[in-house]
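model.cif follows; it contains mmCIF, N, CA and C atoms.
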data_entry
#
loop_
_atom_site.label_atom_id
_atom_site.label_comp_id
_atom_site.auth_asym_id
_atom_site.auth_seq_id
_atom_site.Cartn_x
_atom_site.Cartn_y
_atom_site.Cartn_z
N MET A 1 0.85 -1.17 0.00
CA MET A 1 0.00 0.00 0.00
C MET A 1 0.89 1.23 0.00
N SER A 2 0.58 2.16 -0.87
CA SER A 2 1.40 3.36 -0.97
C SER A 2 1.08 4.30 0.19
N LYS A 3 2.01 5.23 0.43
CA LYS A 3 1.81 6.19 1.52
C LYS A 3 0.62 7.10 1.25
N ASP A 4 0.39 7.43 -0.04
CA ASP A 4 -0.75 8.28 -0.38
C ASP A 4 -2.07 7.59 -0.02
N THR A 5 -2.16 6.30 -0.36
CA THR A 5 -3.37 5.54 -0.05
C THR A 5 -3.56 5.43 1.45
N GLU A 6 -2.45 5.18 2.15
CA GLU A 6 -2.50 5.05 3.60
C GLU A 6 -2.95 6.35 4.25
N SER A 7 -2.41 7.49 3.80
CA SER A 7 -2.79 8.77 4.39
C SER A 7 -4.24 9.11 4.05
N THR A 8 -4.69 8.75 2.85
CA THR A 8 -6.07 9.00 2.47
C THR A 8 -7.02 8.19 3.34
N ARG A 9 -6.69 6.93 3.59
CA ARG A 9 -7.52 6.10 4.46
C ARG A 9 -7.57 6.66 5.86
N LYS A 10 -6.42 7.12 6.35
CA LYS A 10 -6.38 7.69 7.69
C LYS A 10 -7.23 8.97 7.74
N GLU A 11 -7.14 9.78 6.70
CA GLU A 11 -7.95 11.00 6.65
C GLU A 11 -9.44 10.67 6.64
N GLN A 12 -9.82 9.66 5.87
CA GLN A 12 -11.22 9.24 5.82
C GLN A 12 -11.68 8.75 7.19
N TYR A 13 -10.83 7.96 7.84
CA TYR A 13 -11.15 7.44 9.18
C TYR A 13 -11.35 8.60 10.16
N LEU A 14 -10.43 9.55 10.14
CA LEU A 14 -10.53 10.69 11.05
C LEU A 14 -11.77 11.53 10.76
N LYS A 15 -12.12 11.68 9.49
CA LYS A 15 -13.32 12.43 9.13
C LYS A 15 -14.57 11.73 9.66
N LYS A 16 -14.64 10.42 9.47
CA LYS A 16 -15.78 9.66 9.97
C LYS A 16 -15.85 9.72 11.49
N ARG A 17 -14.70 9.68 12.12
CA ARG A 17 -14.65 9.74 13.58
C ARG A 17 -15.18 11.09 14.08
N LYS A 18 -14.78 12.18 13.42
CA LYS A 18 -15.27 13.51 13.81
C LYS A 18 -16.79 13.60 13.64
N GLU A 19 -17.30 13.05 12.54
CA GLU A 19 -18.75 13.07 12.31
C GLU A 19 -19.48 12.29 13.40
N LEU A 20 -18.91 11.15 13.79
CA LEU A 20 -19.53 10.34 14.84
C LEU A 20 -19.47 11.05 16.19
N ILE A 21 -18.38 11.75 16.45
CA ILE A 21 -18.26 12.52 17.70
C ILE A 21 -19.36 13.57 17.76
N GLU A 22 -19.58 14.29 16.66
CA GLU A 22 -20.61 15.33 16.63
C GLU A 22 -22.00 14.74 16.84
N LEU A 23 -22.29 13.65 16.17
CA LEU A 23 -23.59 13.00 16.33
C LEU A 23 -23.75 12.47 17.76
N SER A 24 -22.66 11.97 18.33
CA SER A 24 -22.70 11.42 19.68
C SER A 24 -22.96 12.49 20.73
N LYS A 25 -22.50 13.72 20.47
CA LYS A 25 -22.77 14.81 21.41
C LYS A 25 -24.27 15.02 21.55
N PHE A 26 -24.98 14.99 20.43
CA PHE A 26 -26.42 15.14 20.43
C PHE A 26 -27.07 13.97 21.18
N VAL A 27 -26.61 12.76 20.90
CA VAL A 27 -27.20 11.56 21.52
C VAL A 27 -26.90 11.53 23.01
N ARG A 28 -25.73 11.99 23.41
CA ARG A 28 -25.35 11.99 24.82
C ARG A 28 -26.35 12.78 25.67
N MET A 29 -26.89 13.86 25.10
CA MET A 29 -27.92 14.63 25.82
C MET A 29 -29.16 13.76 26.03
N GLY A 30 -29.49 12.95 25.04
CA GLY A 30 -30.62 12.03 25.16
C GLY A 30 -30.38 10.95 26.20
N VAL A 31 -29.13 10.52 26.33
CA VAL A 31 -28.78 9.52 27.35
C VAL A 31 -28.95 10.14 28.73
N LYS A 32 -28.48 11.37 28.91
CA LYS A 32 -28.60 12.05 30.20
C LYS A 32 -30.06 12.27 30.59
N SER A 33 -30.92 12.54 29.61
CA SER A 33 -32.33 12.78 29.91
C SER A 33 -33.12 11.47 30.03
N GLY A 34 -32.48 10.35 29.74
CA GLY A 34 -33.14 9.05 29.86
C GLY A 34 -33.84 8.58 28.60
N ALA A 35 -33.69 9.30 27.50
CA ALA A 35 -34.33 8.90 26.25
C ALA A 35 -33.67 7.66 25.65
N TYR A 36 -32.37 7.50 25.88
CA TYR A 36 -31.61 6.35 25.37
C TYR A 36 -30.86 5.70 26.52
N ASP A 37 -30.64 4.39 26.40
CA ASP A 37 -29.86 3.67 27.41
C ASP A 37 -28.37 3.94 27.27
N SER A 38 -27.90 4.06 26.04
CA SER A 38 -26.48 4.30 25.79
C SER A 38 -26.33 5.11 24.51
N VAL A 39 -25.14 5.61 24.29
CA VAL A 39 -24.89 6.38 23.06
C VAL A 39 -25.10 5.49 21.84
N ASN A 40 -24.57 4.26 21.88
CA ASN A 40 -24.73 3.37 20.73
C ASN A 40 -26.19 3.04 20.46
N GLU A 41 -26.98 2.82 21.51
CA GLU A 41 -28.40 2.55 21.31
C GLU A 41 -29.09 3.76 20.68
N GLY A 42 -28.71 4.95 21.13
CA GLY A 42 -29.27 6.18 20.56
C GLY A 42 -28.91 6.33 19.09
N LEU A 43 -27.65 6.02 18.76
CA LEU A 43 -27.22 6.10 17.36
C LEU A 43 -28.02 5.14 16.49
N LYS A 44 -28.21 3.92 16.98
CA LYS A 44 -28.99 2.93 16.21
C LYS A 44 -30.42 3.41 16.00
N GLU A 45 -31.01 3.99 17.05
CA GLU A 45 -32.39 4.48 16.92
C GLU A 45 -32.48 5.61 15.89
N ILE A 46 -31.49 6.49 15.89
CA ILE A 46 -31.48 7.58 14.90
C ILE A 46 -31.38 7.00 13.49
N TYR A 47 -30.51 6.01 13.31
CA TYR A 47 -30.37 5.39 11.99
C TYR A 47 -31.69 4.72 11.57
N GLN A 48 -32.38 4.10 12.53
CA GLN A 48 -33.64 3.44 12.21
C GLN A 48 -34.74 4.45 11.89
N GLU A 49 -34.69 5.62 12.53
CA GLU A 49 -35.67 6.66 12.23
C GLU A 49 -35.52 7.17 10.80
N THR A 50 -34.28 7.20 10.30
CA THR A 50 -34.06 7.67 8.93
C THR A 50 -34.51 6.64 7.90
N ASN A 51 -34.55 5.36 8.29
CA ASN A 51 -35.00 4.30 7.39
C ASN A 51 -35.82 3.30 8.21
N PRO A 52 -37.14 3.42 8.22
CA PRO A 52 -37.99 2.56 9.04
C PRO A 52 -37.94 1.07 8.67
N GLU A 53 -37.40 0.74 7.50
CA GLU A 53 -37.32 -0.67 7.10
C GLU A 53 -36.22 -1.42 7.85
N ILE A 54 -35.33 -0.69 8.50
CA ILE A 54 -34.23 -1.33 9.22
C ILE A 54 -34.78 -2.02 10.46
N GLU A 55 -34.45 -3.30 10.58
CA GLU A 55 -34.88 -4.08 11.74
C GLU A 55 -33.72 -4.46 12.65
N GLU A 56 -32.55 -4.67 12.05
CA GLU A 56 -31.41 -5.08 12.87
C GLU A 56 -30.10 -4.64 12.22
N PHE A 57 -29.09 -4.50 13.07
CA PHE A 57 -27.74 -4.16 12.64
C PHE A 57 -26.80 -5.28 13.05
N LYS A 58 -25.83 -5.57 12.20
CA LYS A 58 -24.79 -6.54 12.53
C LYS A 58 -23.52 -6.12 11.82
N THR A 59 -22.39 -6.62 12.32
CA THR A 59 -21.12 -6.36 11.66
C THR A 59 -21.05 -7.21 10.39
N PHE A 60 -20.09 -6.89 9.55
CA PHE A 60 -19.87 -7.64 8.32
C PHE A 60 -19.71 -9.13 8.63
N TRP A 61 -18.89 -9.43 9.63
CA TRP A 61 -18.60 -10.83 9.95
C TRP A 61 -19.80 -11.54 10.57
N GLN A 62 -20.62 -10.83 11.33
CA GLN A 62 -21.83 -11.45 11.87
C GLN A 62 -22.79 -11.82 10.75
N TRP A 63 -22.94 -10.94 9.76
CA TRP A 63 -23.80 -11.27 8.62
C TRP A 63 -23.22 -12.47 7.86
N LYS A 64 -21.91 -12.46 7.69
CA LYS A 64 -21.26 -13.54 6.94
C LYS A 64 -21.47 -14.89 7.63
N GLU A 65 -21.39 -14.91 8.97
CA GLU A 65 -21.62 -16.14 9.72
C GLU A 65 -23.02 -16.69 9.47
N GLU A 66 -23.98 -15.80 9.24
CA GLU A 66 -25.36 -16.22 8.96
C GLU A 66 -25.56 -16.62 7.51
N GLY A 67 -24.52 -16.46 6.70
CA GLY A 67 -24.63 -16.80 5.29
C GLY A 67 -25.12 -15.65 4.43
N ALA A 68 -25.24 -14.46 5.00
CA ALA A 68 -25.70 -13.29 4.25
C ALA A 68 -24.50 -12.60 3.60
N THR A 69 -24.77 -11.83 2.55
CA THR A 69 -23.74 -11.09 1.84
C THR A 69 -24.10 -9.62 1.83
N VAL A 70 -23.16 -8.77 2.21
CA VAL A 70 -23.40 -7.33 2.17
C VAL A 70 -23.38 -6.91 0.70
N ARG A 71 -24.37 -6.14 0.31
CA ARG A 71 -24.48 -5.69 -1.08
C ARG A 71 -23.33 -4.77 -1.44
N LYS A 72 -22.86 -4.89 -2.66
CA LYS A 72 -21.75 -4.08 -3.14
C LYS A 72 -22.12 -2.60 -3.09
N GLY A 73 -21.18 -1.78 -2.62
CA GLY A 73 -21.37 -0.33 -2.60
C GLY A 73 -22.09 0.20 -1.38
N GLN A 74 -22.46 -0.67 -0.45
CA GLN A 74 -23.18 -0.22 0.74
C GLN A 74 -22.23 0.46 1.72
N THR A 75 -22.71 1.50 2.38
CA THR A 75 -21.92 2.24 3.36
C THR A 75 -22.36 1.82 4.75
N ALA A 76 -21.40 1.52 5.60
CA ALA A 76 -21.71 1.06 6.95
C ALA A 76 -22.24 2.20 7.81
N PHE A 77 -23.04 1.82 8.80
CA PHE A 77 -23.47 2.74 9.84
C PHE A 77 -22.41 2.69 10.92
N LEU A 78 -22.09 3.83 11.52
CA LEU A 78 -21.02 3.88 12.51
C LEU A 78 -21.57 3.98 13.92
N ILE A 79 -20.99 3.18 14.80
CA ILE A 79 -21.20 3.31 16.24
C ILE A 79 -19.83 3.16 16.88
N TRP A 80 -19.79 3.26 18.20
CA TRP A 80 -18.52 3.13 18.92
C TRP A 80 -18.24 1.67 19.24
N GLY A 81 -16.98 1.25 19.04
CA GLY A 81 -16.56 -0.09 19.38
C GLY A 81 -16.21 -0.19 20.86
N GLN A 82 -15.78 -1.37 21.28
CA GLN A 82 -15.37 -1.58 22.66
C GLN A 82 -14.13 -0.75 22.97
N PRO A 83 -14.08 -0.12 24.16
CA PRO A 83 -12.92 0.71 24.48
C PRO A 83 -11.64 -0.13 24.52
N ARG A 84 -10.57 0.47 24.07
CA ARG A 84 -9.25 -0.18 24.07
C ARG A 84 -8.25 0.70 24.78
N LYS A 85 -7.19 0.07 25.23
CA LYS A 85 -6.13 0.83 25.88
C LYS A 85 -4.97 0.99 24.92
N GLY A 86 -4.30 2.11 25.03
CA GLY A 86 -3.13 2.36 24.20
C GLY A 86 -2.09 3.10 25.02
N GLU A 87 -0.93 3.25 24.44
CA GLU A 87 0.14 4.00 25.08
C GLU A 87 0.64 5.05 24.12
N GLN A 88 0.98 6.20 24.67
CA GLN A 88 1.49 7.29 23.87
C GLN A 88 2.55 8.01 24.68
N VAL A 89 3.63 8.41 24.02
CA VAL A 89 4.69 9.16 24.68
C VAL A 89 4.45 10.63 24.41
N PRO A 90 4.06 11.39 25.45
CA PRO A 90 3.84 12.82 25.24
C PRO A 90 5.14 13.54 24.88
N GLU A 91 5.02 14.63 24.13
CA GLU A 91 6.20 15.39 23.74
C GLU A 91 6.92 15.90 24.99
N GLY A 92 8.24 15.82 24.96
CA GLY A 92 9.05 16.32 26.07
C GLY A 92 9.26 15.31 27.18
N THR A 93 8.68 14.11 27.05
CA THR A 93 8.88 13.08 28.07
C THR A 93 9.33 11.79 27.40
N THR A 94 9.80 10.87 28.22
CA THR A 94 10.21 9.57 27.69
C THR A 94 9.30 8.47 28.22
N GLU A 95 8.45 8.81 29.17
CA GLU A 95 7.55 7.82 29.77
C GLU A 95 6.24 7.74 28.98
N PRO A 96 5.87 6.54 28.56
CA PRO A 96 4.58 6.41 27.87
C PRO A 96 3.42 6.54 28.86
N GLU A 97 2.35 7.15 28.41
CA GLU A 97 1.15 7.26 29.23
C GLU A 97 0.06 6.39 28.62
N GLU A 98 -0.67 5.70 29.51
CA GLU A 98 -1.78 4.88 29.03
C GLU A 98 -3.00 5.75 28.82
N TYR A 99 -3.79 5.39 27.84
CA TYR A 99 -5.04 6.11 27.60
C TYR A 99 -6.07 5.13 27.05
N LYS A 100 -7.33 5.51 27.13
CA LYS A 100 -8.42 4.71 26.60
C LYS A 100 -8.96 5.40 25.36
N TYR A 101 -9.30 4.61 24.36
CA TYR A 101 -9.96 5.20 23.19
C TYR A 101 -11.01 4.22 22.68
N TRP A 102 -11.97 4.78 21.97
CA TRP A 102 -13.06 3.99 21.42
C TRP A 102 -12.92 3.97 19.90
N PRO A 103 -12.64 2.80 19.34
CA PRO A 103 -12.54 2.71 17.87
C PRO A 103 -13.92 2.76 17.23
N LEU A 104 -13.95 2.93 15.94
CA LEU A 104 -15.21 2.91 15.20
C LEU A 104 -15.64 1.46 14.99
N CYS A 105 -16.92 1.23 15.03
CA CYS A 105 -17.48 -0.08 14.73
C CYS A 105 -18.41 0.10 13.54
N TYR A 106 -18.24 -0.71 12.53
CA TYR A 106 -19.00 -0.59 11.28
C TYR A 106 -20.12 -1.63 11.27
N LEU A 107 -21.36 -1.14 11.16
CA LEU A 107 -22.52 -2.03 11.14
C LEU A 107 -23.27 -1.91 9.82
N PHE A 108 -23.88 -3.02 9.43
CA PHE A 108 -24.73 -3.04 8.25
C PHE A 108 -26.13 -3.47 8.67
N ALA A 109 -27.13 -2.85 8.07
CA ALA A 109 -28.52 -3.14 8.39
C ALA A 109 -29.04 -4.29 7.53
N ASN A 110 -30.14 -4.85 7.97
CA ASN A 110 -30.75 -5.95 7.22
C ASN A 110 -31.15 -5.51 5.81
N THR A 111 -31.35 -4.22 5.60
CA THR A 111 -31.71 -3.72 4.27
C THR A 111 -30.52 -3.63 3.33
N GLN A 112 -29.32 -3.87 3.84
CA GLN A 112 -28.10 -3.75 3.04
C GLN A 112 -27.48 -5.09 2.67
N VAL A 113 -28.16 -6.17 2.98
CA VAL A 113 -27.58 -7.49 2.75
C VAL A 113 -28.51 -8.37 1.93
N TYR A 114 -27.89 -9.33 1.27
CA TYR A 114 -28.64 -10.41 0.62
C TYR A 114 -28.63 -11.56 1.62
N LYS A 115 -29.81 -11.96 2.06
CA LYS A 115 -29.89 -13.07 3.00
C LYS A 115 -30.07 -14.36 2.22
N PRO A 116 -29.54 -15.46 2.76
CA PRO A 116 -29.73 -16.73 2.06
C PRO A 116 -31.21 -17.13 2.13
N GLU A 117 -31.66 -17.77 1.08
CA GLU A 117 -33.04 -18.25 1.05
C GLU A 117 -33.19 -19.36 2.08
N PRO A 118 -34.22 -19.27 2.91
CA PRO A 118 -34.41 -20.36 3.87
C PRO A 118 -34.79 -21.64 3.13
N LYS A 119 -34.14 -22.69 3.50
CA LYS A 119 -34.41 -23.97 2.86
C LYS A 119 -35.69 -24.56 3.46
N PRO A 120 -36.60 -24.98 2.61
CA PRO A 120 -37.83 -25.57 3.16
C PRO A 120 -37.50 -26.87 3.88
N GLU A 121 -38.16 -27.04 5.00
CA GLU A 121 -37.91 -28.26 5.76
C GLU A 121 -38.48 -29.44 5.00
N GLN A 122 -37.64 -30.42 4.81
CA GLN A 122 -38.08 -31.61 4.08
C GLN A 122 -38.42 -32.70 5.08
N GLU A 123 -39.48 -33.41 4.75
CA GLU A 123 -39.84 -34.53 5.60
C GLU A 123 -38.82 -35.64 5.35
N PRO A 124 -38.44 -36.32 6.41
CA PRO A 124 -37.46 -37.39 6.21
C PRO A 124 -38.05 -38.48 5.30
N GLN A 125 -37.26 -38.86 4.33
CA GLN A 125 -37.68 -39.89 3.39
C GLN A 125 -37.56 -41.26 4.07
N PRO A 126 -38.59 -42.07 3.92
CA PRO A 126 -38.48 -43.41 4.51
C PRO A 126 -37.40 -44.21 3.78
N LYS A 127 -36.64 -44.93 4.55
CA LYS A 127 -35.59 -45.74 3.96
C LYS A 127 -36.24 -46.99 3.34
N PRO A 128 -35.83 -47.30 2.12
CA PRO A 128 -36.41 -48.51 1.49
C PRO A 128 -35.93 -49.76 2.23
N GLU A 129 -36.84 -50.67 2.36
CA GLU A 129 -36.49 -51.91 3.03
C GLU A 129 -36.12 -52.94 1.96
N TYR A 130 -34.97 -53.50 2.11
CA TYR A 130 -34.50 -54.51 1.17
C TYR A 130 -34.50 -55.85 1.87
N GLU A 131 -34.77 -56.87 1.09
CA GLU A 131 -34.64 -58.21 1.63
C GLU A 131 -33.19 -58.62 1.43
N LEU A 132 -32.61 -59.02 2.50
CA LEU A 132 -31.21 -59.42 2.43
C LEU A 132 -31.11 -60.93 2.42
N GLU A 133 -30.27 -61.42 1.56
CA GLU A 133 -30.02 -62.86 1.50
C GLU A 133 -28.65 -63.12 2.08
N THR A 134 -28.55 -64.13 2.84
CA THR A 134 -27.24 -64.50 3.34
C THR A 134 -26.54 -65.32 2.28
N VAL A 135 -25.31 -65.00 2.07
CA VAL A 135 -24.52 -65.68 1.06
C VAL A 135 -23.56 -66.61 1.79
N SER A 136 -23.56 -67.83 1.38
CA SER A 136 -22.63 -68.75 1.99
C SER A 136 -21.91 -69.51 0.88
N GLY A 137 -20.72 -69.80 1.14
CA GLY A 137 -19.97 -70.56 0.17
C GLY A 137 -19.45 -69.70 -0.96
N ASP A 138 -19.26 -70.33 -2.12
CA ASP A 138 -18.70 -69.66 -3.28
C ASP A 138 -19.76 -69.31 -4.32
N GLU A 139 -20.91 -68.94 -3.94
CA GLU A 139 -21.99 -68.68 -4.88
C GLU A 139 -22.13 -67.18 -5.18
N TYR A 140 -21.10 -66.53 -5.46
CA TYR A 140 -21.18 -65.08 -5.74
C TYR A 140 -21.66 -64.84 -7.10
#

Would you kindly transcribe this structure into structure tokens?
Amino acid sequence: MSKDTESTRKEQYLKKRKELIELSKFVRMGVKSGAYDSVNEGLKEIYQETNPEIEEFKTFWQWKEEGATVRKGQTAFLIWGQPRKGEQVPEGTTEPEEYKYWPLCYLFANTQVYKPEPKPEQEPQPKPEYELETVSGDEY
């Protein structure tokens, strides 16, 4: 991967992160007032309000485990991932400081995937009964 591509990806990530921070500020007020249980739940509800056909969100890999395929060209919905710890050396010091950060989590809605067709349940076929003859000797 070239440095240009890498820096472009990082810029896109940072842009998406800033957008999510701004949206989260609005949702955080709803959490404080009791309208939402958590910021992520509030974000999901906002996404569902924009598209009432959305019933559920899952990550790419969760959909894949179910046998579903995310449609080409679909854009993920963003929420916050599980907090992680990192270390950073502040300028002017040599000691690293630990910090917590929340990565982005990319979700896809049920409206953005091709789900596998449910297979109709088949009744078990009765096994044919054969008459077996015992073979003895050299009469093959």

Run DSSP on the backbone of this structure and report the residues of stretch 10-65 of chain A it assigns to helix (DSSP H, G or I), as a PyMOL selection string.
chain A and resi 10-33+39-50+60-65

Go through chain A and collect every residue that DSSP, computed from the backbone, puts in strand (DSSP E or B); the answer should be as a PyMOL selection string.
chain A and resi 57-58+69-70+77-80+84-88+97-101+104-109+113-114

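Counting only N, CA and C atoms and comparing A:Ala35, A:Leu20, A:Arg28, A:Thr111, the residue that lies closest to A:Phe57 is A:Thr111.
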
Take atom CA of A:Pro118 and atom CA of A:Gly67 and report the distance between them in Å, one decimal.
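Straight-line distance from atom CA of A:Pro118 to atom CA of A:Gly67 works out to 10.5 Å.
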
Got a sec to resolve the PyMOL selection byres (((chain A and resi 75 and name CA) around 10) and name CA) on this structure and send the residues as a PDB file with N, CA and C atoms, in the frame of the given file?
ATOM      1  N   VAL A  70     -23.160  -8.770   2.210  1.00  0.00           N
ATOM      2  CA  VAL A  70     -23.400  -7.330   2.170  1.00  0.00           C
ATOM      3  C   VAL A  70     -23.380  -6.910   0.700  1.00  0.00           C
ATOM      4  N   ARG A  71     -24.370  -6.140   0.310  1.00  0.00           N
ATOM      5  CA  ARG A  71     -24.480  -5.690  -1.080  1.00  0.00           C
ATOM      6  C   ARG A  71     -23.330  -4.770  -1.440  1.00  0.00           C
ATOM      7  N   LYS A  72     -22.860  -4.890  -2.660  1.00  0.00           N
ATOM      8  CA  LYS A  72     -21.750  -4.080  -3.140  1.00  0.00           C
ATOM      9  C   LYS A  72     -22.120  -2.600  -3.090  1.00  0.00           C
ATOM     10  N   GLY A  73     -21.180  -1.780  -2.620  1.00  0.00           N
ATOM     11  CA  GLY A  73     -21.370  -0.330  -2.600  1.00  0.00           C
ATOM     12  C   GLY A  73     -22.090   0.200  -1.380  1.00  0.00           C
ATOM     13  N   GLN A  74     -22.460  -0.670  -0.450  1.00  0.00           N
ATOM     14  CA  GLN A  74     -23.180  -0.220   0.740  1.00  0.00           C
ATOM     15  C   GLN A  74     -22.230   0.460   1.720  1.00  0.00           C
ATOM     16  N   ALA A  76     -21.400   1.520   5.600  1.00  0.00           N
ATOM     17  CA  ALA A  76     -21.710   1.060   6.950  1.00  0.00           C
ATOM     18  C   ALA A  76     -22.240   2.200   7.810  1.00  0.00           C
ATOM     19  N   PHE A  77     -23.040   1.820   8.800  1.00  0.00           N
ATOM     20  CA  PHE A  77     -23.470   2.740   9.840  1.00  0.00           C
ATOM     21  C   PHE A  77     -22.410   2.690  10.920  1.00  0.00           C
ATOM     22  N   LEU A  78     -22.090   3.830  11.520  1.00  0.00           N
ATOM     23  CA  LEU A  78     -21.020   3.880  12.510  1.00  0.00           C
ATOM     24  C   LEU A  78     -21.570   3.980  13.920  1.00  0.00           C
ATOM     25  N   TYR A 106     -18.240  -0.710  12.530  1.00  0.00           N
ATOM     26  CA  TYR A 106     -19.000  -0.590  11.280  1.00  0.00           C
ATOM     27  C   TYR A 106     -20.120  -1.630  11.270  1.00  0.00           C
ATOM     28  N   LEU A 107     -21.360  -1.140  11.160  1.00  0.00           N
ATOM     29  CA  LEU A 107     -22.520  -2.030  11.140  1.00  0.00           C
ATOM     30  C   LEU A 107     -23.270  -1.910   9.820  1.00  0.00           C
ATOM     31  N   PHE A 108     -23.880  -3.020   9.430  1.00  0.00           N
ATOM     32  CA  PHE A 108     -24.730  -3.040   8.250  1.00  0.00           C
ATOM     33  C   PHE A 108     -26.130  -3.470   8.670  1.00  0.00           C
ATOM     34  N   ALA A 109     -27.130  -2.850   8.070  1.00  0.00           N
ATOM     35  CA  ALA A 109     -28.520  -3.140   8.390  1.00  0.00           C
ATOM     36  C   ALA A 109     -29.040  -4.290   7.530  1.00  0.00           C
ATOM     37  N   GLN A 112     -29.320  -3.870   3.840  1.00  0.00           N
ATOM     38  CA  GLN A 112     -28.100  -3.750   3.040  1.00  0.00           C
ATOM     39  C   GLN A 112     -27.480  -5.090   2.670  1.00  0.00           C
TER      40      GLN A 112
END

Let me make sure I understand: among A:Tyr36, A:Gly92, A:Thr59, A:Trp102, which one has the smallest atom-to-atom distance to A:Ile21 if we use only C-alpha atoms?
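The closest residue to A:Ile21 is A:Trp102.
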
Please list, as a list in words, the residues that have an atom at most 6.5 Å away from (-24.7, -13.6, 2.0) in the coordinates of this file, counting all atoms listed in the file.
Trp63, Lys64, Glu66, Gly67, Ala68, Thr69, Val70, Val113, Tyr114, Lys115 and Pro116 of chain A

Next, write the just-selected residues to a file, as a PDB file, in the coordinates of the input, keeping N, CA and C atoms as the atom set.
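Full text of selection.pdb as output:
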ATOM      1  N   TRP A  63     -22.940 -10.940   9.760  1.00  0.00           N
ATOM      2  CA  TRP A  63     -23.800 -11.270   8.620  1.00  0.00           C
ATOM      3  C   TRP A  63     -23.220 -12.470   7.860  1.00  0.00           C
ATOM      4  N   LYS A  64     -21.910 -12.460   7.690  1.00  0.00           N
ATOM      5  CA  LYS A  64     -21.260 -13.540   6.940  1.00  0.00           C
ATOM      6  C   LYS A  64     -21.470 -14.890   7.630  1.00  0.00           C
ATOM      7  N   GLU A  66     -23.980 -15.800   9.240  1.00  0.00           N
ATOM      8  CA  GLU A  66     -25.360 -16.220   8.960  1.00  0.00           C
ATOM      9  C   GLU A  66     -25.560 -16.620   7.510  1.00  0.00           C
ATOM     10  N   GLY A  67     -24.520 -16.460   6.700  1.00  0.00           N
ATOM     11  CA  GLY A  67     -24.630 -16.800   5.290  1.00  0.00           C
ATOM     12  C   GLY A  67     -25.120 -15.650   4.430  1.00  0.00           C
ATOM     13  N   ALA A  68     -25.240 -14.460   5.000  1.00  0.00           N
ATOM     14  CA  ALA A  68     -25.700 -13.290   4.250  1.00  0.00           C
ATOM     15  C   ALA A  68     -24.500 -12.600   3.600  1.00  0.00           C
ATOM     16  N   THR A  69     -24.770 -11.830   2.550  1.00  0.00           N
ATOM     17  CA  THR A  69     -23.740 -11.090   1.840  1.00  0.00           C
ATOM     18  C   THR A  69     -24.100  -9.620   1.830  1.00  0.00           C
ATOM     19  N   VAL A  70     -23.160  -8.770   2.210  1.00  0.00           N
ATOM     20  CA  VAL A  70     -23.400  -7.330   2.170  1.00  0.00           C
ATOM     21  C   VAL A  70     -23.380  -6.910   0.700  1.00  0.00           C
ATOM     22  N   VAL A 113     -28.160  -6.170   2.980  1.00  0.00           N
ATOM     23  CA  VAL A 113     -27.580  -7.490   2.750  1.00  0.00           C
ATOM     24  C   VAL A 113     -28.510  -8.370   1.930  1.00  0.00           C
ATOM     25  N   TYR A 114     -27.890  -9.330   1.270  1.00  0.00           N
ATOM     26  CA  TYR A 114     -28.640 -10.410   0.620  1.00  0.00           C
ATOM     27  C   TYR A 114     -28.630 -11.560   1.620  1.00  0.00           C
ATOM     28  N   LYS A 115     -29.810 -11.960   2.060  1.00  0.00           N
ATOM     29  CA  LYS A 115     -29.890 -13.070   3.000  1.00  0.00           C
ATOM     30  C   LYS A 115     -30.070 -14.360   2.220  1.00  0.00           C
ATOM     31  N   PRO A 116     -29.540 -15.460   2.760  1.00  0.00           N
ATOM     32  CA  PRO A 116     -29.730 -16.730   2.060  1.00  0.00           C
ATOM     33  C   PRO A 116     -31.210 -17.130   2.130  1.00  0.00           C
TER      34      PRO A 116
END

For atom CA of A:Glu117 and atom CA of A:Gln48, the interatomic separation in Å (one decimal):
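That distance, rounded to one decimal, is 24.4 Å.
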
Just want the 5 Å neighbourhood of A:Tyr99, counted on all atoms listed in the file, with same-chain residues fewer than 3 positions away dropped. Output as a ChimeraX atom specification.
/A:85-87

Using the chain letters and numbers from the file, give me the residues hit by the PyMOL selection byres (((chain A and resi 42 and name CA) around 10) and name CA), as a count of residues only.
21

If you measure from atom C of A:Lys25 to atom N of A:Asn51, what distance in Å do you get, rounded to one decimal?
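Calculated distance between atom C of A:Lys25 and atom N of A:Asn51 is 19.4 Å.
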
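Considering only C-alpha atoms, the residue among A:Tyr101, A:Gly81, A:Glu121, A:Asn110 positioned nearest to A:Ile54 is A:Asn110.
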